[in-house]
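File shown: upload_24.tsv (TSV, C-alpha atoms).
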```
chain	number	residue	atom	x	y	z
A	1	MET	CA	-2.92	-31.46	-22.40
A	2	ILE	CA	-6.47	-31.66	-23.69
A	3	GLU	CA	-8.86	-29.28	-21.95
A	4	ASN	CA	-12.60	-29.76	-21.59
A	5	TRP	CA	-14.45	-27.17	-23.68
A	6	CYS	CA	-18.05	-26.52	-24.60
A	7	ASN	CA	-19.73	-24.66	-27.41
A	8	ILE	CA	-23.13	-23.22	-26.50
A	9	ASN	CA	-25.02	-21.81	-29.47
A	10	GLY	CA	-21.74	-20.95	-31.17
A	11	GLU	CA	-19.95	-19.51	-28.13
A	12	LEU	CA	-16.83	-21.29	-26.86
A	13	VAL	CA	-16.80	-21.72	-23.08
A	14	PRO	CA	-14.62	-23.79	-20.72
A	15	GLU	CA	-16.67	-26.75	-19.52
A	16	ALA	CA	-16.36	-25.69	-15.88
A	17	GLU	CA	-17.96	-22.32	-16.72
A	18	ALA	CA	-20.66	-23.55	-19.12
A	19	THR	CA	-24.31	-22.98	-18.16
A	20	ILE	CA	-27.78	-23.20	-19.69
A	21	PRO	CA	-30.96	-21.42	-18.52
A	22	ILE	CA	-32.91	-23.12	-15.75
A	23	LEU	CA	-35.97	-23.25	-18.04
A	24	ASP	CA	-34.13	-25.06	-20.83
A	25	ARG	CA	-36.38	-27.98	-21.74
A	26	GLY	CA	-33.48	-30.37	-22.05
A	27	PHE	CA	-32.77	-29.81	-18.36
A	28	LEU	CA	-36.43	-29.77	-17.26
A	29	PHE	CA	-37.85	-32.64	-19.28
A	30	GLY	CA	-35.09	-34.43	-21.17
A	31	ASP	CA	-36.67	-32.76	-24.21
A	32	SER	CA	-33.59	-33.14	-26.39
A	33	VAL	CA	-31.65	-35.38	-28.73
A	34	TYR	CA	-27.93	-36.02	-28.91
A	35	GLU	CA	-25.09	-37.82	-30.66
A	36	VAL	CA	-21.59	-38.79	-29.58
A	37	ILE	CA	-18.84	-38.54	-32.18
A	38	ARG	CA	-15.25	-39.59	-31.57
A	39	THR	CA	-12.15	-38.48	-33.41
A	40	ARG	CA	-9.71	-40.85	-35.08
A	41	CYS	CA	-6.33	-39.68	-36.32
A	42	GLY	CA	-7.40	-36.16	-35.33
A	43	SER	CA	-10.56	-36.12	-37.46
A	44	PRO	CA	-14.26	-36.53	-36.51
A	45	PHE	CA	-15.17	-40.12	-37.38
A	46	ALA	CA	-18.40	-41.17	-39.15
A	47	TRP	CA	-19.69	-37.63	-38.68
A	48	GLN	CA	-22.09	-37.82	-41.62
A	49	GLU	CA	-23.78	-40.93	-40.21
A	50	HIS	CA	-24.06	-39.33	-36.78
A	51	LEU	CA	-25.60	-36.11	-38.08
A	52	GLU	CA	-28.06	-38.10	-40.16
A	53	ARG	CA	-29.17	-40.03	-37.07
A	54	LEU	CA	-29.34	-36.81	-35.03
A	55	ARG	CA	-31.87	-35.44	-37.49
A	56	VAL	CA	-33.85	-38.69	-37.52
A	57	SER	CA	-34.06	-38.58	-33.72
A	58	ALA	CA	-35.11	-34.93	-33.81
A	59	THR	CA	-37.85	-35.73	-36.31
A	60	GLY	CA	-38.99	-38.51	-33.98
A	61	ILE	CA	-39.77	-35.97	-31.24
A	62	ALA	CA	-40.85	-33.14	-33.58
A	63	LEU	CA	-37.81	-31.04	-32.67
A	64	PRO	CA	-36.64	-28.60	-35.37
A	65	ILE	CA	-32.85	-28.36	-35.76
A	66	ASP	CA	-32.12	-24.86	-36.98
A	67	LEU	CA	-28.51	-25.44	-38.04
A	68	GLU	CA	-27.21	-26.92	-41.28
A	69	ASP	CA	-24.61	-29.70	-41.16
A	70	ARG	CA	-21.93	-27.24	-42.27
A	71	GLU	CA	-22.49	-24.98	-39.24
A	72	ILE	CA	-22.66	-27.89	-36.80
A	73	MET	CA	-19.38	-29.33	-38.06
A	74	ARG	CA	-17.70	-25.91	-38.12
A	75	ARG	CA	-18.56	-25.59	-34.44
A	76	VAL	CA	-17.28	-29.11	-33.81
A	77	VAL	CA	-13.96	-28.36	-35.53
A	78	ASP	CA	-13.59	-25.01	-33.70
A	79	THR	CA	-14.30	-26.60	-30.31
A	80	ILE	CA	-11.86	-29.45	-30.97
A	81	ALA	CA	-9.17	-26.93	-31.89
A	82	LYS	CA	-9.84	-24.99	-28.68
A	83	ALA	CA	-9.66	-28.14	-26.55
A	84	ARG	CA	-6.30	-29.00	-28.13
A	85	GLY	CA	-4.98	-25.50	-27.57
A	86	GLY	CA	-4.49	-25.08	-31.31
A	87	ARG	CA	-1.82	-27.78	-31.57
A	88	GLU	CA	-1.83	-30.89	-33.76
A	89	PRO	CA	-3.15	-34.10	-32.16
A	90	GLU	CA	-0.75	-36.63	-30.72
A	91	PRO	CA	-0.96	-40.25	-31.93
A	92	ASP	CA	-3.89	-42.06	-30.25
A	93	GLU	CA	-5.04	-38.76	-28.68
A	94	ASP	CA	-8.68	-39.09	-29.59
A	95	LEU	CA	-11.52	-36.90	-28.38
A	96	TYR	CA	-15.09	-37.37	-27.23
A	97	VAL	CA	-17.55	-34.98	-28.91
A	98	ARG	CA	-21.13	-34.83	-27.65
A	99	ILE	CA	-23.70	-32.88	-29.69
A	100	ILE	CA	-26.88	-31.99	-27.78
A	101	VAL	CA	-29.88	-30.21	-29.26
A	102	THR	CA	-32.69	-29.21	-26.88
A	103	ARG	CA	-36.03	-27.64	-27.65
A	104	GLY	CA	-34.64	-24.47	-26.13
A	105	THR	CA	-35.67	-22.28	-23.24
A	106	GLY	CA	-39.35	-22.43	-22.37
A	107	THR	CA	-41.49	-19.63	-21.04
A	108	ALA	CA	-42.67	-21.72	-18.06
A	109	PRO	CA	-41.91	-25.15	-16.50
A	110	ASN	CA	-44.77	-26.73	-18.44
A	111	ILE	CA	-44.51	-29.73	-20.79
A	112	ASP	CA	-46.99	-28.19	-23.28
A	113	LEU	CA	-45.15	-27.33	-26.51
A	114	GLY	CA	-47.06	-24.07	-26.48
A	115	TYR	CA	-44.57	-22.96	-23.82
A	116	ALA	CA	-41.63	-23.75	-26.12
A	117	PRO	CA	-41.40	-20.93	-28.67
A	118	GLY	CA	-37.80	-21.78	-29.61
A	119	PRO	CA	-35.19	-21.43	-30.90
A	120	SER	CA	-33.47	-24.70	-30.10
A	121	THR	CA	-30.30	-24.81	-28.01
A	122	THR	CA	-27.19	-26.55	-29.39
A	123	VAL	CA	-24.46	-27.60	-26.98
A	124	LEU	CA	-21.17	-29.31	-27.82
A	125	LEU	CA	-18.95	-31.01	-25.24
A	126	VAL	CA	-15.37	-31.87	-26.18
A	127	ARG	CA	-13.06	-33.75	-23.83
A	128	PRO	CA	-10.51	-36.57	-23.96
A	129	LEU	CA	-11.92	-39.92	-25.05
A	130	PRO	CA	-11.62	-42.51	-22.26
A	131	GLN	CA	-9.41	-45.39	-23.36
A	132	VAL	CA	-12.01	-48.16	-23.14
A	133	SER	CA	-11.79	-49.57	-26.67
A	134	GLY	CA	-11.71	-53.36	-26.45
A	135	LYS	CA	-12.14	-53.43	-22.66
A	136	PRO	CA	-13.89	-56.69	-21.69
A	137	ALA	CA	-17.45	-56.52	-20.37
A	138	ARG	CA	-19.41	-58.60	-17.88
A	139	LEU	CA	-23.16	-58.60	-18.57
A	140	ALA	CA	-26.23	-59.01	-16.39
A	141	LEU	CA	-29.53	-59.82	-18.11
A	142	ILE	CA	-32.19	-57.23	-17.25
A	143	PRO	CA	-35.85	-57.70	-18.23
A	144	ARG	CA	-36.72	-54.39	-19.87
A	145	LEU	CA	-40.23	-54.40	-18.43
A	146	ARG	CA	-38.71	-53.40	-15.09
A	147	VAL	CA	-37.50	-50.10	-16.47
A	148	ASP	CA	-39.55	-49.12	-19.52
A	149	ARG	CA	-43.23	-49.27	-18.66
A	150	ARG	CA	-43.65	-45.93	-20.45
A	151	ALA	CA	-40.44	-45.91	-22.43
A	152	LEU	CA	-39.66	-43.69	-25.38
A	153	ASP	CA	-38.88	-45.51	-28.62
A	154	PRO	CA	-35.27	-46.74	-28.19
A	155	ALA	CA	-34.63	-45.89	-31.85
A	156	ILE	CA	-34.74	-42.20	-30.80
A	157	LYS	CA	-31.45	-41.09	-29.24
A	158	SER	CA	-33.00	-38.65	-26.81
A	159	GLY	CA	-31.71	-36.97	-23.67
A	160	ASN	CA	-34.20	-39.02	-21.63
A	161	TYR	CA	-31.89	-41.85	-20.56
A	162	LEU	CA	-33.35	-42.87	-17.22
A	163	ASN	CA	-34.26	-46.40	-18.35
A	164	ASN	CA	-30.62	-47.07	-19.22
A	165	VAL	CA	-29.41	-45.41	-16.01
A	166	LEU	CA	-31.60	-47.75	-13.94
A	167	GLY	CA	-30.66	-50.83	-15.96
A	168	LEU	CA	-26.95	-50.16	-15.62
A	169	ALA	CA	-27.30	-49.50	-11.88
A	170	GLU	CA	-29.12	-52.81	-11.43
A	171	ALA	CA	-26.42	-54.65	-13.37
A	172	LYS	CA	-23.57	-53.06	-11.42
A	173	ALA	CA	-25.25	-54.02	-8.15
A	174	THR	CA	-24.71	-57.66	-9.18
A	175	GLY	CA	-21.01	-57.14	-9.96
A	176	ALA	CA	-21.46	-56.80	-13.74
A	177	THR	CA	-20.01	-53.93	-15.77
A	178	ASP	CA	-23.03	-53.55	-18.06
A	179	CYS	CA	-26.58	-54.72	-18.60
A	180	LEU	CA	-28.22	-56.55	-21.48
A	181	PHE	CA	-31.87	-55.63	-21.81
A	182	MET	CA	-34.38	-58.36	-22.69
A	183	ASN	CA	-37.70	-57.30	-24.21
A	184	ALA	CA	-41.19	-58.48	-23.24
A	185	GLU	CA	-40.89	-61.44	-25.61
A	186	GLY	CA	-37.67	-62.59	-23.93
A	187	HIS	CA	-35.38	-61.47	-26.76
A	188	ALA	CA	-32.11	-59.60	-26.34
A	189	THR	CA	-32.12	-55.94	-27.37
A	190	GLU	CA	-29.05	-53.87	-26.36
A	191	ALA	CA	-26.73	-52.96	-23.52
A	192	SER	CA	-26.91	-49.67	-21.61
A	193	THR	CA	-24.97	-47.72	-24.27
A	194	ALA	CA	-23.93	-50.40	-26.74
A	195	ASN	CA	-25.23	-52.86	-29.30
A	196	PHE	CA	-24.99	-56.59	-28.65
A	197	TYR	CA	-23.72	-59.50	-30.80
A	198	LEU	CA	-23.06	-63.18	-30.42
A	199	VAL	CA	-21.01	-65.62	-32.47
A	200	GLU	CA	-22.39	-69.03	-33.32
A	201	GLY	CA	-20.60	-71.45	-35.62
A	202	GLY	CA	-18.43	-68.75	-37.17
A	203	ARG	CA	-21.39	-66.44	-37.89
A	204	VAL	CA	-22.11	-63.11	-36.17
A	205	TRP	CA	-25.69	-62.45	-35.11
A	206	THR	CA	-27.19	-59.25	-33.70
A	207	PRO	CA	-30.78	-58.46	-32.66
A	208	PRO	CA	-33.02	-56.84	-35.31
A	209	LEU	CA	-34.11	-53.25	-34.78
A	210	ARG	CA	-37.72	-54.38	-34.26
A	211	ALA	CA	-36.62	-56.05	-31.00
A	212	GLY	CA	-36.32	-52.54	-29.52
A	213	LEU	CA	-32.87	-51.01	-29.82
A	214	LEU	CA	-30.95	-48.08	-31.19
A	215	SER	CA	-29.63	-48.35	-34.73
A	216	GLY	CA	-26.00	-47.96	-33.76
A	217	ILE	CA	-23.58	-46.24	-36.10
A	218	THR	CA	-20.83	-48.65	-35.07
A	219	ARG	CA	-23.32	-51.51	-35.58
A	220	ARG	CA	-23.80	-50.38	-39.18
A	221	LEU	CA	-20.06	-50.05	-39.75
A	222	ILE	CA	-19.38	-53.49	-38.28
A	223	ALA	CA	-21.85	-54.97	-40.76
A	224	GLU	CA	-19.87	-53.32	-43.59
A	225	CYS	CA	-16.56	-54.47	-42.09
A	226	THR	CA	-17.68	-58.10	-41.82
A	227	ARG	CA	-18.46	-58.11	-45.54
A	228	GLN	CA	-14.90	-56.98	-46.27
A	229	LEU	CA	-13.55	-59.69	-43.95
A	230	ASP	CA	-15.88	-62.34	-45.46
A	231	VAL	CA	-17.42	-63.02	-42.05
A	232	PRO	CA	-21.11	-64.06	-42.18
A	233	PHE	CA	-23.29	-61.45	-40.44
A	234	GLY	CA	-27.01	-61.38	-39.85
A	235	GLU	CA	-29.92	-60.29	-37.66
A	236	ARG	CA	-32.28	-62.54	-35.73
A	237	ASP	CA	-34.14	-62.68	-32.44
A	238	LEU	CA	-31.76	-63.89	-29.74
A	239	THR	CA	-33.13	-65.69	-26.69
A	240	GLU	CA	-31.56	-66.40	-23.33
A	241	ASP	CA	-30.90	-69.97	-24.55
A	242	ASP	CA	-28.98	-68.56	-27.54
A	243	ILE	CA	-26.93	-66.37	-25.23
A	244	PHE	CA	-25.92	-69.22	-22.96
A	245	ALA	CA	-25.18	-71.61	-25.83
A	246	CYS	CA	-23.16	-69.32	-28.15
A	247	ASP	CA	-19.41	-69.43	-28.76
A	248	GLU	CA	-18.54	-65.74	-28.29
A	249	MET	CA	-20.18	-62.40	-27.51
A	250	PHE	CA	-19.23	-58.77	-27.89
A	251	LEU	CA	-20.58	-55.22	-27.65
A	252	SER	CA	-20.03	-52.19	-29.86
A	253	SER	CA	-20.35	-48.44	-29.51
A	254	THR	CA	-18.68	-45.24	-30.62
A	255	GLY	CA	-16.42	-45.13	-27.57
A	256	ARG	CA	-15.81	-48.85	-27.13
A	257	ASP	CA	-15.45	-49.92	-30.76
A	258	ILE	CA	-15.68	-53.70	-30.23
A	259	ALA	CA	-15.57	-54.95	-26.64
A	260	PRO	CA	-15.53	-58.70	-25.89
A	261	VAL	CA	-18.02	-60.06	-23.37
A	262	THR	CA	-16.27	-62.34	-20.91
A	263	HIS	CA	-19.15	-63.14	-18.55
A	264	VAL	CA	-22.95	-63.25	-18.62
A	265	GLY	CA	-24.17	-63.58	-15.09
A	266	GLU	CA	-22.06	-66.38	-13.63
A	267	ARG	CA	-21.25	-67.92	-17.02
A	268	GLU	CA	-17.69	-67.41	-18.23
A	269	VAL	CA	-17.30	-66.93	-21.99
A	270	GLN	CA	-14.15	-68.12	-23.79
A	271	SER	CA	-12.31	-68.62	-20.49
A	272	GLY	CA	-12.67	-64.91	-19.81
A	273	GLU	CA	-10.86	-63.84	-22.99
A	274	ALA	CA	-11.88	-62.42	-26.35
A	275	GLY	CA	-12.84	-65.23	-28.72
A	276	SER	CA	-10.86	-65.81	-31.91
A	277	LEU	CA	-13.49	-64.32	-34.23
A	278	THR	CA	-14.05	-61.35	-31.91
A	279	ALA	CA	-10.30	-60.69	-31.83
A	280	ARG	CA	-10.19	-60.88	-35.64
A	281	LEU	CA	-13.04	-58.39	-35.90
A	282	MET	CA	-11.36	-56.02	-33.44
A	283	ALA	CA	-8.22	-55.89	-35.58
A	284	GLY	CA	-10.14	-55.71	-38.85
A	285	PHE	CA	-12.41	-52.98	-37.60
A	286	ALA	CA	-9.47	-50.81	-36.57
A	287	ASP	CA	-8.09	-51.06	-40.13
A	288	TYR	CA	-11.53	-50.40	-41.61
A	289	CYS	CA	-11.97	-47.24	-39.50
A	290	ALA	CA	-8.52	-45.92	-40.42
A	291	SER	CA	-9.33	-46.26	-44.12
A	292	LYS	CA	-12.74	-44.59	-43.65
A	293	VAL	CA	-11.13	-41.57	-41.96
A	294	ARG	CA	-8.51	-41.30	-44.71
A	295	ASP	CA	-10.72	-41.91	-47.74
A	296	VAL	CA	-14.19	-40.67	-46.71
A	297	ASP	CA	-14.61	-38.69	-43.49
A	298	GLY	CA	-11.60	-36.40	-43.81
A	299	PRO	CA	-12.08	-35.45	-47.48
A	300	GLU	CA	-15.86	-34.98	-47.04
A	301	LEU	CA	-15.35	-32.69	-44.05
A	302	THR	CA	-12.82	-30.61	-45.98
A	303	ARG	CA	-15.32	-30.22	-48.82
A	304	LEU	CA	-18.15	-29.33	-46.45
A	305	LEU	CA	-16.20	-26.58	-44.73
A	306	ALA	CA	-14.53	-25.17	-47.86
```

Conversion result in structure tokens:
Amino acid sequence: MIENWCNINGELVPEAEATIPILDRGFLFGDSVYEVIRTRCGSPFAWQEHLERLRVSATGIALPIDLEDREIMRRVVDTIAKARGGREPEPDEDLYVRIIVTRGTGTAPNIDLGYAPGPSTTVLLVRPLPQVSGKPARLALIPRLRVDRRALDPAIKSGNYLNNVLGLAEAKATGATDCLFMNAEGHATEASTANFYLVEGGRVWTPPLRAGLLSGITRRLIAECTRQLDVPFGERDLTEDDIFACDEMFLSSTGRDIAPVTHVGEREVQSGEAGSLTARLMAGFADYCASKVRDVDGPELTRLLA
């Protein structure tokens, strides 16, 4: 059995017993950044890309990260081993790893950075990965202006997630499983925790980053995978008309991999099934990820920790 474990500033603690100070700025103000890494075949997947984005997000909110990549990944590996009870992973027994870095414990509940002397706080959460890869999604279109009048740049993966919380709640109230945010210009951006794609005439399109979305790690890897599969892939502004006229749609994220979209509002897509190109990408992406773990992620992690 996998147990839920945390690592708080290098100390291993069962999740049920883990605490942070009441004046931690991540708790008080969402003054934090985070990444979610999953394991594949027992190894942290795309960890270099995730740590790179973690540091980009931290720079975006002027948050110093005191730890080097080697120390972060050593803590990740130690916490994974603790969660597994020291045993080898079973086939398809993948884990969810959340890395959170806050600005640390303040001296008063005041947003002024003068009350944040540091150091930062680093928290890891390790628990079983929910088996949602490939699970179909039903989308509701949500105008982003309803939820982001003073939004943080969506390119920063911060702990301040209230916009997405509200968007997802609004979508679920309509019977959907996820939301698709539309920006002020009426262009698609992203889902609550996933990137968005549509298929049109055998070509995959996804919104450009300038539309207002997170630069997903899985999004980047899908672009690489489509080149290997000789599937045309590009970025362009996607309107509501494009969404309702396309052939197929899907989402992507670290936990979902590629998830087909079967409904948008009341419109059924591909008779409620994954389209043929989406299904091809799902299979091809699984092979691509397996080779990346074997040839890149595993060997690079071994070298880093040597």

Nearest to Thr206 of chain A among A:Ile243, A:Cys6, A:Val296, A:Ala286, with distances taken over all atoms listed in the file: which residue is it?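 For Thr206 of chain A, the nearest of the given residues is A:Ile243.
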
Within 7 Å of Asp94 of chain A, counting all atoms listed in the file, which residues qualify if same-chain residues fewer than 5 places away don't, as a ChimeraX atom specification? /A:38-40,42,128-129

Restricting the calculation to all atoms listed in the file: of A:Glu273, A:Glu248, A:Glu52, A:Asp287, which residue gets closest to Ser215 of chain A?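 Result for the nearest residue to Ser215 of chain A: A:Glu52.
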
Which residues of segment 83-117 of chain A have any atom within 12 Å of an atom in segment 55-65 of chain A when counting all atoms listed in the file, and what is the closest pair of atoms for each, with the distance in Å to one decimal? Order the rows by chain and rising number and write it as a Markdown table.
```
| residue | atom | partner | partner_atom | distance |
| --- | --- | --- | --- | --- |
| A:Ile99 | CA | A:Arg55 | CA | 11.6 |
| A:Ile100 | CA | A:Ile65 | CA | 10.6 |
| A:Val101 | CA | A:Ile65 | CA | 7.4 |
| A:Thr102 | CA | A:Leu63 | CA | 7.9 |
| A:Arg103 | CA | A:Leu63 | CA | 6.3 |
| A:Gly104 | CA | A:Leu63 | CA | 9.8 |
| A:Leu113 | CA | A:Ala62 | CA | 10.1 |
| A:Ala116 | CA | A:Leu63 | CA | 10.5 |
| A:Pro117 | CA | A:Pro64 | CA | 11.2 |
```

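For the choices A:Glu170, A:Glu224, A:Asp178, A:Glu235, the atom-to-atom distance to Val264 of chain A is smallest for A:Asp178 when using only C-alpha atoms.
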
Provide the atom CA of Ser43 of chain A to atom CA of Gln131 of chain A distance in Å, to one decimal place.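 Atom CA of Gln131 of chain A lies 16.9 Å from atom CA of Ser43 of chain A.
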
Shell of 7 Å around segment 74-88 of chain A, all atoms listed in the file, local chain residues under 2 positions omitted, as a ChimeraX atom specification: /A:2-7,10,12,70-72,90,126,305

Among the residues A:Leu281, A:Ser291, A:Leu304, A:Glu15, the one that comes closest to Gly134 of chain A [using all atoms listed in the file]: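 That would be A:Leu281, the residue with the smallest distance to Gly134 of chain A.
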
A:Ile22, A:Ile217, A:Met182, A:Ala176 ranked by distance to Val36 of chain A, top pick (using all atoms listed in the file): A:Ile217

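We find atom CA of Leu251 of chain A and atom CA of Trp47 of chain A to be spaced 20.8 Å apart.
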
Show which residues sit within 12 Å of Phe244 of chain A, as a PyMOL selection string. Count only C-alpha atoms, and ignore same-chain residues fewer than 6 positions away. chain A and resi 139+141+188+198-200+238+263-270

Can I get the selected residues back with C-alpha atoms, as a JSON list (two decimals), in the coordinates of the input?
```json
[["chain", "number", "residue", "atom", "x", "y", "z"],
["A", 139, "LEU", "CA", -23.16, -58.60, -18.57],
["A", 141, "LEU", "CA", -29.53, -59.82, -18.11],
["A", 188, "ALA", "CA", -32.11, -59.60, -26.34],
["A", 198, "LEU", "CA", -23.06, -63.18, -30.42],
["A", 199, "VAL", "CA", -21.01, -65.62, -32.47],
["A", 200, "GLU", "CA", -22.39, -69.03, -33.32],
["A", 238, "LEU", "CA", -31.76, -63.89, -29.74],
["A", 263, "HIS", "CA", -19.15, -63.14, -18.55],
["A", 264, "VAL", "CA", -22.95, -63.25, -18.62],
["A", 265, "GLY", "CA", -24.17, -63.58, -15.09],
["A", 266, "GLU", "CA", -22.06, -66.38, -13.63],
["A", 267, "ARG", "CA", -21.25, -67.92, -17.02],
["A", 268, "GLU", "CA", -17.69, -67.41, -18.23],
["A", 269, "VAL", "CA", -17.30, -66.93, -21.99],
["A", 270, "GLN", "CA", -14.15, -68.12, -23.79]]
```

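One finds atom CA of Asp241 of chain A at 14.7 Å from atom CA of Ile142 of chain A.
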
Restricting the calculation to only C-alpha atoms: of A:Phe233, A:Ser192, A:Thr177, A:Cys225, which residue gets closest to Pro207 of chain A? A:Phe233

Centre and edges of the segment 218-224 of chain A box, axis-aligned, 8 Å extra per side, as lines of an AutoDock Vina configuration file:
```
center_x = -21.6
center_y = -51.8
center_z = -39.3
size_x = 20.4
size_y = 22.3
size_z = 24.5
```

Fewer than 6 positions away in the same chain doesn't count, so skip those; otherwise give me all residues within 8 Å of Tyr115 of chain A, counting only C-alpha atoms, as a ChimeraX atom specification. /A:106-108

For Arg280 of chain A, list every protein, DNA or RNA residue within 12 Å, evaluated using all atoms listed in the file, and leave out those in the same chain fewer than 3 positions away; present the list as a tab-separated table (two decimals) with C-alpha atoms, in the coordinates of the input.
```tsv
chain	number	residue	atom	x	y	z
A	134	GLY	CA	-11.71	-53.36	-26.45
A	202	GLY	CA	-18.43	-68.75	-37.17
A	225	CYS	CA	-16.56	-54.47	-42.09
A	226	THR	CA	-17.68	-58.10	-41.82
A	229	LEU	CA	-13.55	-59.69	-43.95
A	230	ASP	CA	-15.88	-62.34	-45.46
A	231	VAL	CA	-17.42	-63.02	-42.05
A	258	ILE	CA	-15.68	-53.70	-30.23
A	260	PRO	CA	-15.53	-58.70	-25.89
A	274	ALA	CA	-11.88	-62.42	-26.35
A	275	GLY	CA	-12.84	-65.23	-28.72
A	276	SER	CA	-10.86	-65.81	-31.91
A	277	LEU	CA	-13.49	-64.32	-34.23
A	283	ALA	CA	-8.22	-55.89	-35.58
A	284	GLY	CA	-10.14	-55.71	-38.85
A	285	PHE	CA	-12.41	-52.98	-37.60
A	286	ALA	CA	-9.47	-50.81	-36.57
A	287	ASP	CA	-8.09	-51.06	-40.13
```

Missing atoms of segment 68-74 of chain A rebuilt to all heavy atoms, written as a compact mmCIF listing (two decimals), in the frame of the given file:
```txt
# COMPACT_ATOMS: atom_id res chain seq x y z
N GLU A 68 -27.61 -26.02 -40.22
CA GLU A 68 -27.21 -26.92 -41.28
C GLU A 68 -25.99 -27.73 -40.82
O GLU A 68 -25.28 -27.36 -39.88
CB GLU A 68 -26.87 -26.14 -42.55
CG GLU A 68 -28.05 -25.39 -43.14
CD GLU A 68 -27.68 -24.65 -44.43
OE1 GLU A 68 -26.46 -24.59 -44.73
OE2 GLU A 68 -28.58 -24.15 -45.10
N ASP A 69 -25.75 -28.85 -41.51
CA ASP A 69 -24.61 -29.70 -41.16
C ASP A 69 -23.30 -28.91 -41.19
O ASP A 69 -22.42 -29.12 -40.34
CB ASP A 69 -24.51 -30.88 -42.12
CG ASP A 69 -25.59 -31.92 -41.90
OD1 ASP A 69 -26.40 -31.75 -40.96
OD2 ASP A 69 -25.62 -32.92 -42.65
N ARG A 70 -23.17 -28.00 -42.14
CA ARG A 70 -21.93 -27.24 -42.27
C ARG A 70 -21.65 -26.43 -41.00
O ARG A 70 -20.51 -26.41 -40.51
CB ARG A 70 -22.01 -26.32 -43.47
CG ARG A 70 -20.75 -25.47 -43.69
CD ARG A 70 -20.88 -24.62 -44.94
NE ARG A 70 -19.65 -23.86 -45.18
CZ ARG A 70 -19.49 -23.05 -46.22
NH1 ARG A 70 -20.46 -22.92 -47.11
NH2 ARG A 70 -18.36 -22.38 -46.37
N GLU A 71 -22.68 -25.79 -40.44
CA GLU A 71 -22.49 -24.98 -39.24
C GLU A 71 -22.21 -25.87 -38.02
O GLU A 71 -21.37 -25.53 -37.18
CB GLU A 71 -23.71 -24.10 -38.99
CG GLU A 71 -23.62 -23.26 -37.73
CD GLU A 71 -22.42 -22.32 -37.70
OE1 GLU A 71 -21.90 -21.95 -38.78
OE2 GLU A 71 -22.01 -21.94 -36.58
N ILE A 72 -22.92 -26.99 -37.93
CA ILE A 72 -22.66 -27.89 -36.80
C ILE A 72 -21.22 -28.37 -36.82
O ILE A 72 -20.52 -28.33 -35.80
CB ILE A 72 -23.63 -29.10 -36.84
CG1 ILE A 72 -25.07 -28.65 -36.60
CG2 ILE A 72 -23.22 -30.14 -35.79
CD1 ILE A 72 -26.10 -29.75 -36.77
N MET A 73 -20.74 -28.79 -37.99
CA MET A 73 -19.38 -29.33 -38.06
C MET A 73 -18.33 -28.23 -37.93
O MET A 73 -17.24 -28.49 -37.41
CB MET A 73 -19.19 -30.12 -39.35
CG MET A 73 -19.99 -31.42 -39.38
SD MET A 73 -19.77 -32.44 -37.89
CE MET A 73 -18.00 -32.78 -37.98
N ARG A 74 -18.65 -27.02 -38.35
CA ARG A 74 -17.70 -25.91 -38.12
C ARG A 74 -17.54 -25.68 -36.62
O ARG A 74 -16.43 -25.46 -36.13
CB ARG A 74 -18.19 -24.65 -38.83
CG ARG A 74 -17.16 -23.50 -38.78
CD ARG A 74 -17.57 -22.35 -39.65
NE ARG A 74 -17.63 -22.69 -41.06
CZ ARG A 74 -16.57 -22.83 -41.85
NH1 ARG A 74 -15.35 -22.67 -41.35
NH2 ARG A 74 -16.72 -23.14 -43.12
```
